[in-house]
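This is input_35.json. It holds JSON, C-alpha atoms.
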```
[["chain", "number", "residue", "atom", "x", "y", "z"],
["A", 1, "MET", "CA", 63.61, 146.65, 119.71],
["A", 2, "ASN", "CA", 64.08, 149.31, 117.07],
["A", 3, "ILE", "CA", 65.38, 152.71, 118.12],
["A", 4, "THR", "CA", 65.52, 155.90, 116.08],
["A", 5, "LEU", "CA", 68.59, 158.07, 116.63],
["A", 6, "SER", "CA", 69.45, 161.56, 115.49],
["A", 7, "ILE", "CA", 73.09, 161.58, 114.42],
["A", 8, "ASP", "CA", 74.91, 163.92, 112.07],
["A", 9, "GLU", "CA", 75.18, 162.31, 108.62],
["A", 10, "GLN", "CA", 78.89, 163.05, 108.31],
["A", 11, "ILE", "CA", 79.61, 161.33, 111.62],
["A", 12, "VAL", "CA", 77.72, 158.23, 110.54],
["A", 13, "GLU", "CA", 79.57, 158.12, 107.21],
["A", 14, "ARG", "CA", 82.97, 158.47, 108.91],
["A", 15, "ALA", "CA", 82.01, 155.77, 111.39],
["A", 16, "ARG", "CA", 80.91, 153.47, 108.53],
["A", 17, "GLU", "CA", 84.25, 153.95, 106.79],
["A", 18, "LYS", "CA", 86.23, 153.07, 109.92],
["A", 19, "LEU", "CA", 83.97, 150.15, 110.84],
["A", 20, "ARG", "CA", 84.15, 148.74, 107.31],
["A", 21, "ALA", "CA", 87.80, 147.93, 107.98],
["A", 22, "THR", "CA", 86.76, 145.81, 110.98],
["A", 23, "GLY", "CA", 83.86, 144.13, 109.19],
["A", 24, "LYS", "CA", 81.30, 145.68, 111.51],
["A", 25, "SER", "CA", 78.19, 147.71, 110.80],
["A", 26, "VAL", "CA", 77.19, 150.87, 112.64],
["A", 27, "ASN", "CA", 74.22, 148.94, 114.01],
["A", 28, "GLN", "CA", 76.46, 146.17, 115.37],
["A", 29, "GLU", "CA", 78.86, 148.68, 116.93],
["A", 30, "ILE", "CA", 76.01, 150.53, 118.68],
["A", 31, "ARG", "CA", 74.49, 147.23, 119.88],
["A", 32, "GLU", "CA", 77.84, 146.09, 121.34],
["A", 33, "HIS", "CA", 78.38, 149.46, 122.98],
["A", 34, "LEU", "CA", 74.95, 149.32, 124.64],
["A", 35, "GLN", "CA", 75.68, 145.77, 125.85],
["A", 36, "HIS", "CA", 78.89, 147.09, 127.38],
["A", 37, "VAL", "CA", 77.09, 150.04, 129.02],
["A", 38, "ALA", "CA", 74.44, 147.67, 130.39],
["A", 39, "GLY", "CA", 77.18, 145.51, 131.93],
["A", 40, "ASP", "CA", 76.51, 142.41, 129.83],
["A", 41, "ASP", "CA", 80.22, 141.98, 129.18],
["A", 42, "ASP", "CA", 81.21, 141.92, 132.89],
["A", 43, "LEU", "CA", 80.70, 138.15, 133.23],
["A", 44, "GLU", "CA", 82.75, 137.48, 130.10],
["A", 45, "LEU", "CA", 85.57, 139.68, 131.43],
["A", 46, "GLU", "CA", 85.58, 137.74, 134.72],
["A", 47, "ARG", "CA", 85.80, 134.46, 132.80],
["A", 48, "ASP", "CA", 88.64, 135.77, 130.66],
["A", 49, "LEU", "CA", 90.58, 136.86, 133.76],
["A", 50, "GLU", "CA", 90.00, 133.50, 135.43],
["A", 51, "LEU", "CA", 91.16, 131.70, 132.32],
["A", 52, "PHE", "CA", 94.25, 133.90, 132.06],
["A", 53, "GLU", "CA", 95.17, 133.26, 135.70],
["A", 54, "ARG", "CA", 94.64, 129.52, 135.32],
["A", 55, "LEU", "CA", 96.66, 129.26, 132.12],
["A", 56, "SER", "CA", 99.43, 131.59, 133.22],
["A", 57, "GLY", "CA", 100.26, 129.64, 136.38],
["A", 58, "LEU", "CA", 99.13, 132.53, 138.60],
["A", 59, "GLY", "CA", 102.09, 134.71, 137.75],
["A", 60, "ASN", "CA", 104.68, 131.97, 137.27],
["A", 61, "SER", "CA", 104.76, 130.80, 133.67],
["A", 62, "ASN", "CA", 107.11, 127.85, 134.39],
["A", 63, "GLY", "CA", 108.35, 128.30, 130.84],
["A", 64, "TRP", "CA", 104.86, 128.41, 129.32],
["A", 65, "LYS", "CA", 104.55, 130.83, 126.43],
["A", 66, "PHE", "CA", 101.39, 132.66, 125.35],
["A", 67, "ASN", "CA", 99.50, 130.72, 122.69],
["A", 68, "ARG", "CA", 96.44, 132.44, 121.25],
["A", 69, "ASP", "CA", 95.02, 129.19, 119.83],
["A", 70, "GLU", "CA", 95.17, 127.43, 123.21],
["A", 71, "LEU", "CA", 93.44, 130.35, 124.93],
["A", 72, "TYR", "CA", 90.73, 130.43, 122.27],
["A", 73, "GLU", "CA", 90.11, 126.67, 122.44],
["A", 74, "GLU", "CA", 89.92, 126.80, 126.23],
["A", 75, "ARG", "CA", 87.52, 129.73, 126.12],
["A", 76, "LEU", "CA", 85.17, 127.78, 123.82],
["A", 77, "ARG", "CA", 84.81, 125.15, 126.56],
["A", 78, "TRP", "CA", 83.40, 127.72, 129.03],
["A", 79, "PRO", "CA", 79.61, 127.67, 129.38],
["A", 80, "ARG", "CA", 77.78, 130.72, 128.05],
["A", 81, "SER", "CA", 75.11, 132.36, 130.16]]
```
Hey, can you dump this file as structure tokens for me?
Amino acid sequence: MNITLSIDEQIVERAREKLRATGKSVNQEIREHLQHVAGDDDLELERDLELFERLSGLGNSNGWKFNRDELYEERLRWPRS
């Protein structure tokens, strides 16, 4: 769906400059924000928390140290809805 918005030009330009550093477009940022508002990211947050609890030993690390690559690989195995 296409939506027309009325936004001050200077605000859009400042947003573009900041988003350029992250590699995102204004359109992408607005789309992600609306997904968040609509609650589409709630299921992903639940999965991330479950994964964290499972990998962290439920509060007892038993010597395990945080490893971003392991968390990312494990997350890729989760089914997407």
Which one of A:Ser25, A:Gly39, A:Ile30, A:Asp69 sits closest to Leu5 of chain A if you count all atoms listed in the file? A:Ile30
Show which residues sit within 9 Å of segment 9-14 of chain A, as a list in words. Count all atoms listed in the file, and ignore same-chain residues fewer than 4 positions away.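 Those residues are Lys18, Leu19 and Val26 of chain A.
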Rounded to one decimal, what separation in Å do you get between atom CA of Met1 of chain A and atom CA of Lys24 of chain A? 19.5 Å
Figure out the distance between atom CA of Val37 of chain A and atom CA of Glu17 of chain A, please, to one decimal in Å.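 A separation of 23.7 Å between them.
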What separation in Å, quoted to one decimal, exists between atom CA of Asp48 of chain A and atom CA of Leu71 of chain A?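 Interatomic distance, atom CA of Asp48 of chain A to atom CA of Leu71 of chain A: 9.2 Å.
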